[in-house]
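Data file: final-v9.txt. Format and content: compact mmCIF, C-alpha atoms and all ligand atoms.
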# COMPACT_ATOMS: atom_id res chain seq x y z
CA MET Z 385 -31.77 1.20 -10.32
CA TRP Z 386 -28.62 1.29 -8.19
CA ALA Z 387 -29.46 -2.08 -6.68
CA THR Z 388 -28.89 -3.69 -10.06
CA LEU Z 389 -25.67 -1.79 -10.76
CA PRO Z 390 -23.30 -2.29 -7.83
CA MET Z 391 -20.86 0.52 -8.41
CA ILE Z 392 -17.42 0.36 -6.84
CA ILE Z 393 -16.32 3.33 -4.79
CA HIS Z 394 -12.63 4.04 -4.26
CA LEU Z 395 -11.57 6.24 -1.38
CA ASP Z 396 -8.19 7.84 -0.97
CA ALA Z 397 -7.39 10.25 1.85
CA ASP Z 398 -5.71 13.47 0.76
CA ALA Z 399 -2.10 14.10 1.89
CA PHE Z 400 -2.88 11.65 4.64
CA TYR Z 401 0.05 11.82 7.09
CA ALA Z 402 0.25 15.61 6.82
CA SER Z 403 -3.53 15.91 7.26
CA CYS Z 404 -3.47 13.74 10.39
CA GLU Z 405 -0.80 15.98 11.89
CA GLN Z 406 -2.82 19.07 11.03
CA ALA Z 407 -5.93 17.46 12.52
CA ALA Z 408 -4.09 16.61 15.72
CA ASP Z 409 -2.40 20.00 16.17
CA ALA Z 410 -4.35 23.15 15.37
CA ARG Z 411 -1.14 25.15 15.08
CA LEU Z 412 -0.21 23.19 11.95
CA ARG Z 413 -3.45 23.92 10.09
CA GLY Z 414 -3.08 26.12 7.06
CA LYS Z 415 0.70 25.90 7.43
CA VAL Z 416 3.36 25.09 4.91
CA MET Z 417 4.27 21.80 6.57
CA ALA Z 418 5.40 18.29 5.80
CA VAL Z 419 5.95 14.99 7.54
CA GLY Z 420 9.36 13.55 6.97
CA GLY Z 421 12.80 12.57 8.04
CA SER Z 422 15.33 15.10 9.20
CA ARG Z 423 17.81 16.75 6.87
CA ARG Z 424 19.14 13.46 5.53
CA GLY Z 425 15.73 11.82 5.17
CA ILE Z 426 12.87 12.31 2.73
CA ILE Z 427 9.47 13.99 2.73
CA ALA Z 428 6.80 11.36 3.37
CA SER Z 429 3.77 13.62 3.04
CA ALA Z 430 3.31 17.32 2.36
CA SER Z 431 0.36 19.57 3.17
CA TYR Z 432 -1.43 21.10 0.21
CA GLU Z 433 -0.05 24.46 1.29
CA ALA Z 434 3.46 23.02 0.88
CA ARG Z 435 2.64 21.28 -2.41
CA ARG Z 436 1.63 24.61 -3.87
CA LEU Z 437 5.22 25.73 -3.28
CA GLY Z 438 6.65 22.73 -5.07
CA ILE Z 439 7.16 20.24 -2.24
CA TYR Z 440 6.36 16.69 -3.32
CA THR Z 441 6.88 13.15 -2.07
CA PRO Z 442 9.30 11.49 -1.94
CA MET Z 443 11.54 14.56 -2.12
CA PRO Z 444 14.81 14.65 -0.16
CA THR Z 445 14.23 16.77 2.94
CA ALA Z 446 17.37 18.79 2.27
CA ASN Z 447 16.02 19.85 -1.14
CA ALA Z 448 12.63 20.69 0.36
CA LEU Z 449 14.26 22.96 2.95
CA ARG Z 450 16.37 24.64 0.29
CA LEU Z 451 13.20 25.33 -1.74
CA VAL Z 452 11.05 26.42 1.22
CA PRO Z 453 13.29 27.45 4.13
CA ASN Z 454 10.30 28.15 6.42
CA LEU Z 455 8.83 24.66 5.88
CA THR Z 456 7.57 23.23 9.18
CA LEU Z 457 8.89 19.70 9.40
CA VAL Z 458 7.04 17.21 11.61
CA LYS Z 459 8.47 13.87 12.64
CA SER Z 460 6.27 10.97 11.55
CA ASN Z 461 3.99 9.32 14.08
CA PHE Z 462 2.63 6.14 12.54
CA ASP Z 463 0.59 5.13 15.59
CA ARG Z 464 -1.34 8.32 15.00
CA TYR Z 465 -1.90 7.63 11.27
CA GLU Z 466 -3.06 4.09 12.01
CA TRP Z 467 -5.53 5.44 14.57
CA PHE Z 468 -6.98 7.86 12.00
CA SER Z 469 -7.11 5.07 9.45
CA ARG Z 470 -9.17 2.82 11.73
CA ARG Z 471 -11.62 5.64 12.51
CA MET Z 472 -11.95 6.53 8.83
CA PHE Z 473 -12.72 2.96 7.77
CA GLU Z 474 -15.18 2.54 10.65
CA PHE Z 475 -17.44 5.16 9.05
CA ILE Z 476 -17.53 3.06 5.91
CA GLU Z 477 -17.87 -0.27 7.67
CA ASP Z 478 -20.89 1.09 9.54
CA LEU Z 479 -22.50 1.45 6.14
CA THR Z 480 -21.57 -1.72 4.30
CA PRO Z 481 -19.81 -5.04 4.87
CA TRP Z 482 -18.27 -4.84 1.39
CA VAL Z 483 -15.03 -3.06 2.14
CA GLU Z 484 -11.52 -3.82 0.89
CA ARG Z 485 -8.73 -1.86 2.56
CA THR Z 486 -5.75 -1.71 0.25
CA SER Z 487 -3.52 0.46 2.42
CA ILE Z 488 -3.67 2.71 5.44
CA ASP Z 489 -5.54 5.41 3.58
CA GLU Z 490 -6.99 3.74 0.50
CA GLY Z 491 -9.63 1.18 -0.21
CA TYR Z 492 -12.63 0.10 -2.23
CA PHE Z 493 -16.19 -0.55 -1.18
CA ARG Z 494 -19.60 -1.09 -2.62
CA LEU Z 495 -22.96 -0.43 -1.09
CA PRO Z 496 -24.91 -3.32 0.44
CA ASP Z 497 -27.29 -5.46 -1.64
CA GLY Z 498 -30.68 -3.87 -2.04
CA ASN Z 499 -29.27 -0.38 -1.63
CA THR Z 500 -31.39 2.22 -3.39
CA GLN Z 501 -29.36 5.32 -2.58
CA ASP Z 502 -27.35 7.16 -5.18
CA PRO Z 503 -23.70 6.20 -4.52
CA LEU Z 504 -22.62 9.77 -5.29
CA GLU Z 505 -24.84 11.03 -2.52
CA VAL Z 506 -23.58 8.35 -0.10
CA ALA Z 507 -19.97 9.24 -0.87
CA ARG Z 508 -20.72 12.95 -0.48
CA GLN Z 509 -22.16 12.33 2.99
CA LEU Z 510 -19.20 10.18 4.00
CA GLN Z 511 -16.82 12.83 2.80
CA GLU Z 512 -18.61 15.40 4.91
CA THR Z 513 -18.82 13.19 8.01
CA ILE Z 514 -15.15 12.20 7.88
CA GLU Z 515 -14.02 15.79 7.44
CA ARG Z 516 -16.25 17.03 10.26
CA ARG Z 517 -15.34 14.27 12.71
CA LEU Z 518 -11.70 13.59 11.88
CA ARG Z 519 -10.61 16.79 10.15
CA VAL Z 520 -9.05 14.88 7.29
CA THR Z 521 -10.29 15.15 3.73
CA VAL Z 522 -10.89 12.19 1.46
CA SER Z 523 -11.42 11.82 -2.28
CA PHE Z 524 -13.96 9.40 -3.72
CA GLY Z 525 -14.20 7.93 -7.21
CA ILE Z 526 -17.19 5.90 -8.32
CA ALA Z 527 -17.36 3.58 -11.33
CA SER Z 528 -18.32 0.11 -12.43
CA ASN Z 529 -14.87 -1.30 -11.62
CA LYS Z 530 -11.75 -0.83 -9.52
CA LEU Z 531 -9.53 0.54 -12.25
CA ILE Z 532 -11.79 3.45 -13.14
CA SER Z 533 -12.90 4.30 -9.60
CA GLN Z 534 -9.30 4.48 -8.45
CA ILE Z 535 -8.23 6.78 -11.28
CA VAL Z 536 -11.23 9.06 -10.71
CA SER Z 537 -10.48 9.58 -7.01
CA LYS Z 538 -6.83 10.38 -7.73
CA LEU Z 539 -7.57 12.71 -10.65
CA LYS Z 540 -10.00 14.79 -8.63
CA LYS Z 541 -7.92 15.32 -5.48
CA PRO Z 542 -8.22 16.92 -2.99
CA ARG Z 543 -11.83 16.52 -1.75
CA GLY Z 544 -12.55 14.85 -5.06
CA LEU Z 545 -15.92 13.32 -5.77
CA ALA Z 546 -16.97 12.09 -9.18
CA MET Z 547 -18.58 9.19 -10.96
CA VAL Z 548 -18.01 7.65 -14.38
CA PRO Z 549 -21.34 6.19 -15.50
CA LEU Z 550 -21.56 2.60 -16.68
CA GLY Z 551 -20.72 2.39 -20.38
CA GLU Z 552 -18.49 5.48 -20.40
CA GLU Z 553 -15.33 3.82 -19.08
CA ALA Z 554 -13.35 3.73 -22.34
CA GLU Z 555 -14.32 7.26 -23.23
CA PHE Z 556 -13.19 8.48 -19.81
CA LEU Z 557 -9.79 6.80 -20.16
CA ALA Z 558 -9.13 7.70 -23.79
CA PRO Z 559 -7.36 11.07 -23.33
CA LEU Z 560 -5.42 10.13 -20.18
CA ASP Z 561 -1.68 9.50 -20.02
CA VAL Z 562 -0.74 5.81 -20.25
CA LYS Z 563 0.91 6.02 -16.83
CA TRP Z 564 -2.55 5.75 -15.24
CA LEU Z 565 -2.89 2.10 -16.26
CA PRO Z 566 -1.93 -0.66 -13.79
CA GLY Z 567 1.52 -2.04 -14.39
CA VAL Z 568 2.68 1.04 -16.29
CA GLY Z 569 5.40 3.02 -14.58
CA GLY Z 570 9.15 3.42 -14.70
CA ARG Z 571 10.66 1.41 -17.50
CA THR Z 572 7.33 0.24 -18.96
CA GLU Z 573 6.11 3.81 -19.22
CA THR Z 574 9.30 4.94 -20.94
CA ALA Z 575 9.15 1.99 -23.36
CA LEU Z 576 5.50 2.62 -24.21
CA LYS Z 577 6.06 6.32 -24.84
CA GLY Z 578 9.19 5.57 -26.87
CA ALA Z 579 7.02 3.36 -29.08
CA GLY Z 580 4.49 6.15 -29.58
CA PHE Z 581 1.91 5.23 -26.95
CA GLN Z 582 1.18 8.46 -25.10
CA ARG Z 583 -2.54 8.34 -24.40
CA ILE Z 584 -4.62 5.41 -23.27
CA GLU Z 585 -6.75 5.43 -26.44
CA GLN Z 586 -3.62 4.65 -28.48
CA ILE Z 587 -3.18 1.46 -26.49
CA ARG Z 588 -6.82 0.54 -26.97
CA GLU Z 589 -6.64 1.10 -30.74
CA SER Z 590 -3.29 -0.59 -31.31
CA SER Z 591 -2.89 -4.01 -32.85
CA LEU Z 592 -2.08 -6.58 -30.22
CA ALA Z 593 1.17 -7.46 -31.97
CA ARG Z 594 2.45 -3.89 -31.89
CA LEU Z 595 1.62 -3.61 -28.21
CA ALA Z 596 3.17 -7.00 -27.43
CA ALA Z 597 6.41 -5.81 -29.03
CA VAL Z 598 6.66 -3.38 -26.11
CA VAL Z 599 5.06 -5.10 -23.13
CA GLY Z 600 5.19 -8.78 -24.09
CA ASP Z 601 2.68 -11.10 -22.44
CA TYR Z 602 1.05 -8.21 -20.64
CA ALA Z 603 -0.37 -6.82 -23.92
CA PRO Z 604 -3.86 -8.46 -23.84
CA ARG Z 605 -4.47 -7.48 -20.24
CA LEU Z 606 -3.18 -3.95 -20.78
CA GLN Z 607 -5.44 -3.53 -23.79
CA GLN Z 608 -8.41 -4.66 -21.70
CA TYR Z 609 -7.59 -2.09 -19.08
CA ALA Z 610 -7.23 0.56 -21.80
CA ALA Z 611 -10.78 -0.30 -22.91
CA GLY Z 612 -11.96 0.28 -19.36
CA ILE Z 613 -12.48 -3.41 -18.62
CA ASP Z 614 -11.36 -4.64 -15.21
CA GLU Z 615 -12.76 -7.79 -13.66
CA ARG Z 616 -10.76 -7.76 -10.45
CA PRO Z 617 -13.24 -8.47 -7.66
CA LEU Z 618 -13.56 -6.72 -4.34
CA VAL Z 619 -11.55 -8.74 -1.80
CA VAL Z 620 -13.45 -8.40 1.43
CA GLU Z 621 -12.23 -9.37 4.86
CA ARG Z 622 -14.59 -7.93 7.39
CA GLY Z 623 -12.90 -5.54 9.77
CA GLU Z 624 -9.47 -6.55 8.54
CA ALA Z 625 -6.97 -4.33 6.92
CA LEU Z 626 -4.75 -5.70 4.20
CA SER Z 627 -1.97 -7.98 5.41
CA TYR Z 628 0.53 -10.37 3.81
CA SER Z 629 1.29 -13.72 5.38
CA HIS Z 630 3.18 -16.87 4.64
CA GLN Z 631 3.72 -20.07 6.59
CA GLU Z 632 5.62 -23.32 6.45
CA THR Z 633 4.74 -26.68 8.00
CA PHE Z 634 7.74 -28.89 8.67
CA ASN Z 635 7.90 -32.55 7.68
CA VAL Z 636 10.11 -33.15 10.67
CA ASN Z 637 9.56 -30.85 13.65
CA LEU Z 638 12.26 -28.24 14.14
CA THR Z 639 14.22 -28.01 17.35
CA ASP Z 640 17.12 -25.92 16.12
CA ARG Z 641 16.83 -22.22 16.84
CA GLY Z 642 19.12 -21.24 13.96
CA ALA Z 643 17.12 -23.26 11.44
CA LEU Z 644 13.86 -21.75 12.69
CA GLU Z 645 15.21 -18.23 12.44
CA ARG Z 646 16.49 -18.85 8.92
CA THR Z 647 13.09 -20.23 7.90
CA MET Z 648 11.31 -17.17 9.28
CA LYS Z 649 13.66 -14.83 7.46
CA THR Z 650 13.13 -16.72 4.23
CA LEU Z 651 9.35 -16.51 4.68
CA LEU Z 652 9.77 -12.79 5.23
CA ASP Z 653 11.84 -12.46 2.05
CA ASP Z 654 8.90 -13.86 0.07
CA LEU Z 655 6.49 -11.41 1.68
CA ILE Z 656 8.83 -8.52 0.99
CA ARG Z 657 8.91 -9.49 -2.68
CA GLN Z 658 5.11 -9.37 -2.75
CA ILE Z 659 4.78 -5.99 -1.06
CA VAL Z 660 7.47 -4.51 -3.29
CA ASP Z 661 5.65 -5.85 -6.37
CA ASP Z 662 2.49 -4.19 -5.08
CA GLY Z 663 4.31 -0.91 -4.48
CA LYS Z 664 3.71 -0.98 -0.74
CA SER Z 665 5.56 -1.05 2.56
CA ALA Z 666 4.69 -2.46 5.99
CA ARG Z 667 5.21 -1.38 9.56
CA THR Z 668 4.21 -4.36 11.67
CA ILE Z 669 5.54 -7.90 11.63
CA ALA Z 670 4.15 -10.89 13.52
CA VAL Z 671 5.77 -14.29 13.92
CA ARG Z 672 3.81 -17.36 14.90
CA VAL Z 673 4.99 -20.80 15.96
CA ARG Z 674 2.99 -23.97 16.51
CA LEU Z 675 4.31 -26.57 18.87
CA ASP Z 676 3.13 -30.17 18.90
CA LYS Z 677 -0.37 -30.51 20.37
CA MET Z 678 -0.26 -26.93 21.51
CA GLN Z 679 -1.84 -23.62 20.69
CA ASP Z 680 -0.10 -21.25 18.35
CA THR Z 681 1.92 -18.47 19.91
CA GLU Z 682 2.11 -15.18 18.05
CA ARG Z 683 4.18 -12.12 18.87
CA SER Z 684 4.31 -8.87 16.94
CA GLU Z 685 6.23 -5.64 16.86
CA SER Z 686 6.20 -2.47 14.76
CA LEU Z 687 9.00 -0.49 13.18
CA PRO Z 688 8.95 3.25 13.89
CA GLU Z 689 8.08 3.74 10.23
CA PRO Z 690 6.91 1.49 7.38
CA SER Z 691 9.56 -0.25 5.33
CA SER Z 692 9.86 -2.45 2.26
CA LEU Z 693 13.42 -3.48 3.08
CA ALA Z 694 13.82 -7.02 4.43
CA GLU Z 695 16.85 -6.06 6.52
CA ASP Z 696 14.75 -3.67 8.60
CA PHE Z 697 12.66 -6.62 9.79
CA TYR Z 698 15.39 -9.20 10.49
CA PRO Z 699 16.27 -7.92 13.99
CA LEU Z 700 12.56 -7.92 14.86
CA ILE Z 701 12.26 -11.55 13.80
CA GLU Z 702 15.12 -12.47 16.10
CA ARG Z 703 13.53 -10.69 19.07
CA LEU Z 704 10.02 -11.95 18.38
CA LEU Z 705 11.22 -15.51 18.06
CA ASP Z 706 12.79 -15.25 21.52
CA ARG Z 707 9.44 -14.16 22.87
CA ALA Z 708 7.32 -16.69 21.00
CA TRP Z 709 9.43 -19.79 21.60
CA ASP Z 710 11.45 -20.85 24.64
CA GLY Z 711 13.32 -23.50 22.67
CA ARG Z 712 12.11 -26.40 24.79
CA ALA Z 713 9.44 -27.97 22.57
CA SER Z 714 9.82 -28.76 18.88
CA VAL Z 715 8.10 -26.57 16.29
CA ARG Z 716 5.65 -27.88 13.68
CA LEU Z 717 4.76 -24.72 11.89
CA ALA Z 718 6.24 -21.25 11.48
CA ALA Z 719 4.45 -18.24 10.06
CA VAL Z 720 5.25 -14.61 9.34
CA ARG Z 721 2.73 -11.83 8.69
CA LEU Z 722 3.18 -8.20 7.66
CA SER Z 723 0.44 -5.68 8.47
CA ASN Z 724 -0.15 -1.95 8.75
CA ILE Z 725 0.45 -1.67 5.05
CA HIS Z 726 1.30 1.71 3.61
CA GLU Z 727 1.39 3.00 0.06
CA GLY Z 728 4.78 3.40 -1.60
CA VAL Z 729 8.21 3.61 -0.11
CA VAL Z 730 8.58 5.49 3.13
CA ALA Z 731 12.18 6.21 3.97
CA GLY Z 732 12.72 8.57 6.83
CA ASP Z 733 15.06 8.03 9.70
CA LEU Z 734 15.86 4.32 10.01
CA PHE Z 735 18.83 4.78 7.74
CA THR Z 736 19.96 7.92 6.08
CA ARG Z 737 18.29 8.32 2.73
CA ALA Z 738 21.42 7.44 0.79
CA GLU Z 739 22.06 4.31 2.83
CA LYS Z 740 18.46 3.15 2.60
CA GLY Z 741 18.43 3.91 -1.12
CA LYS Z 742 21.49 1.71 -1.64
CA ARG Z 743 20.00 -1.18 0.30
CA LEU Z 744 16.69 -0.91 -1.55
CA ALA Z 745 18.53 -0.89 -4.87
CA LEU Z 746 20.46 -4.02 -3.89
CA GLN Z 747 17.25 -5.74 -2.84
CA LYS Z 748 15.63 -4.80 -6.14
CA THR Z 749 18.54 -6.26 -8.08
CA MET Z 750 18.11 -9.52 -6.14
CA HIS Z 751 14.39 -9.60 -6.95
CA ASP Z 752 15.06 -8.96 -10.64
CA LEU Z 753 17.61 -11.78 -10.81
CA GLN Z 754 15.24 -14.16 -9.02
CA ARG Z 755 12.46 -13.26 -11.44
CA ARG Z 756 14.62 -13.83 -14.49
CA PHE Z 757 16.68 -16.82 -13.45
CA GLY Z 758 14.63 -18.46 -10.70
CA GLU Z 759 14.56 -18.43 -6.92
CA ASN Z 760 17.94 -20.10 -6.62
CA ALA Z 761 19.80 -17.66 -8.83
CA ILE Z 762 20.73 -15.57 -5.84
CA LYS Z 763 19.96 -16.12 -2.18
CA ARG Z 764 20.52 -14.51 1.13
CA GLY Z 765 22.76 -16.37 3.55
CA HIS Z 766 19.90 -17.54 5.73
CA ALA Z 767 18.15 -19.11 2.73
CA CYS Z 768 21.12 -21.36 1.93
CA GLU Z 769 21.55 -23.48 5.01
CA ASN Z 770 18.16 -25.13 5.58
MG MG L 801 -3.87 9.06 -0.12
Mind converting the file's structure to structure tokens?
Ligand SMILES: [Mg+2]
Amino acid sequence: MWATLPMIIHLDADAFYASCEQAADARLRGKVMAVGGSRRGIIASASYEARRLGIYTPMPTANALRLVPNLTLVKSNFDRYEWFSRRMFEFIEDLTPWVERTSIDEGYFRLPDGNTQDPLEVARQLQETIERRLRVTVSFGIASNKLISQIVSKLKKPRGLAMVPLGEEAEFLAPLDVKWLPGVGGRTETALKGAGFQRIEQIRESSLARLAAVVGDYAPRLQQYAAGIDERPLVVERGEALSYSHQETFNVNLTDRGALERTMKTLLDDLIRQIVDDGKSARTIAVRVRLDKMQDTERSESLPEPSSLAEDFYPLIERLLDRAWDGRASVRLAAVRLSNIHEGVVAGDLFTRAEKGKRLALQKTMHDLQRRFGENAIKRGHACEN
């Protein structure tokens, strides 16, 4: 029976960074602890013991310490989290080639063709194996599509495990808050609720015109989601975590270092817009250059913590370009790639929270203007000269 109904399984590790720290250091287990920046930073992940006392992410560290003075604060170690992430996904990739990693601790998979095992049982075993071997707990949601499986795993945290049977998608969604639907958050959520849409069933039952008055062109898609319909396919790249890349081939080979650097930064700006749209951040950047009749050269470097702010990556581009290109041969192609993708905004110690917040707000304003008035409405300096 299962062979004919390929269910999609969403996995999402629980309080991932905090759990990795607790797994790595026995003294932190069972403790009220959190991973985050120092006093002027923010909490990036809080243990369940800390959440019970009202610590959440992203909460300013200063507020967290005021609320829970005995909170154990651990400095983030992203090499460690990426190591745990690889191990965790290996358990799944041993089982099936159909895996899509969407961030360091989240992804979708389905069981291989011809599978006859109950997916609930498979997920239960994985959950057990991962907890026993890695000491981190993971939640699993199973359903006929991505939308539902993802909501199930998040609703049931921690150590969640549940399935919504085929045909029961709309019924499952009906009573939930509209904020669970893709694309609903912030201003859209406020607008929907202001117009009387509180629960998902109200979106499903609305006339399209009434819904369009609030969300515009997004109305038909949103109504489909509200009915539990989601045709987004699994995007599988064997053994590869999610990354974002962009390249440019030059009509006339480049020999000017300044022009090359500006091109790379502009490529990065595009990638940053994409990761921000997807609600993610990245830790690693790679630059690649292709010289005439020569192999590509790629160099990469990681920030101490993930970021979704273009400015954090500019100095890395400058350094990497020095290492990838000696300036002697002309360049045919330039490429930039972001990897080690994390969920949400992580702002710890690179800038103080206030400073980072200001820069992120400025970047967001730029993105909004570009969306409304076109790419050329507002540009960074390096995008103007080429
Ligand atoms: Mg998670």
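Across the structure, CA of Pro559 in chain Z and CA of Lys577 in chain Z are spaced 14.3 Å apart.
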Item to check | Residues near Asp680 in chain Z, cut-off 12 Å, all atoms listed in the file, skip fewer than 2 positions along chain, as a PyMOL selection string | outcome: chain Z and resi 671-678+682-683+708-709+715-719
Next on the checklist: Show me which residues are within 7 Å of ligand MG 801 (chain L) counting all atoms listed in the file, and format the list as a ChimeraX atom specification.
Outcome noted: /Z:396-400,489-490
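Between CA of Asp561 in chain Z and CA of Gln586 in chain Z lies a distance of 9.9 Å.
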Checklist entry - If we count all atoms listed in the file, what is near range 477-481 of chain Z at a cut-off of 12 Å, once residues fewer than 6 positions away on the same chain are taken out, given as a PyMOL selection string? => result chain Z and resi 393+470-471+491-499+501+503+506-507+509-510+618-625
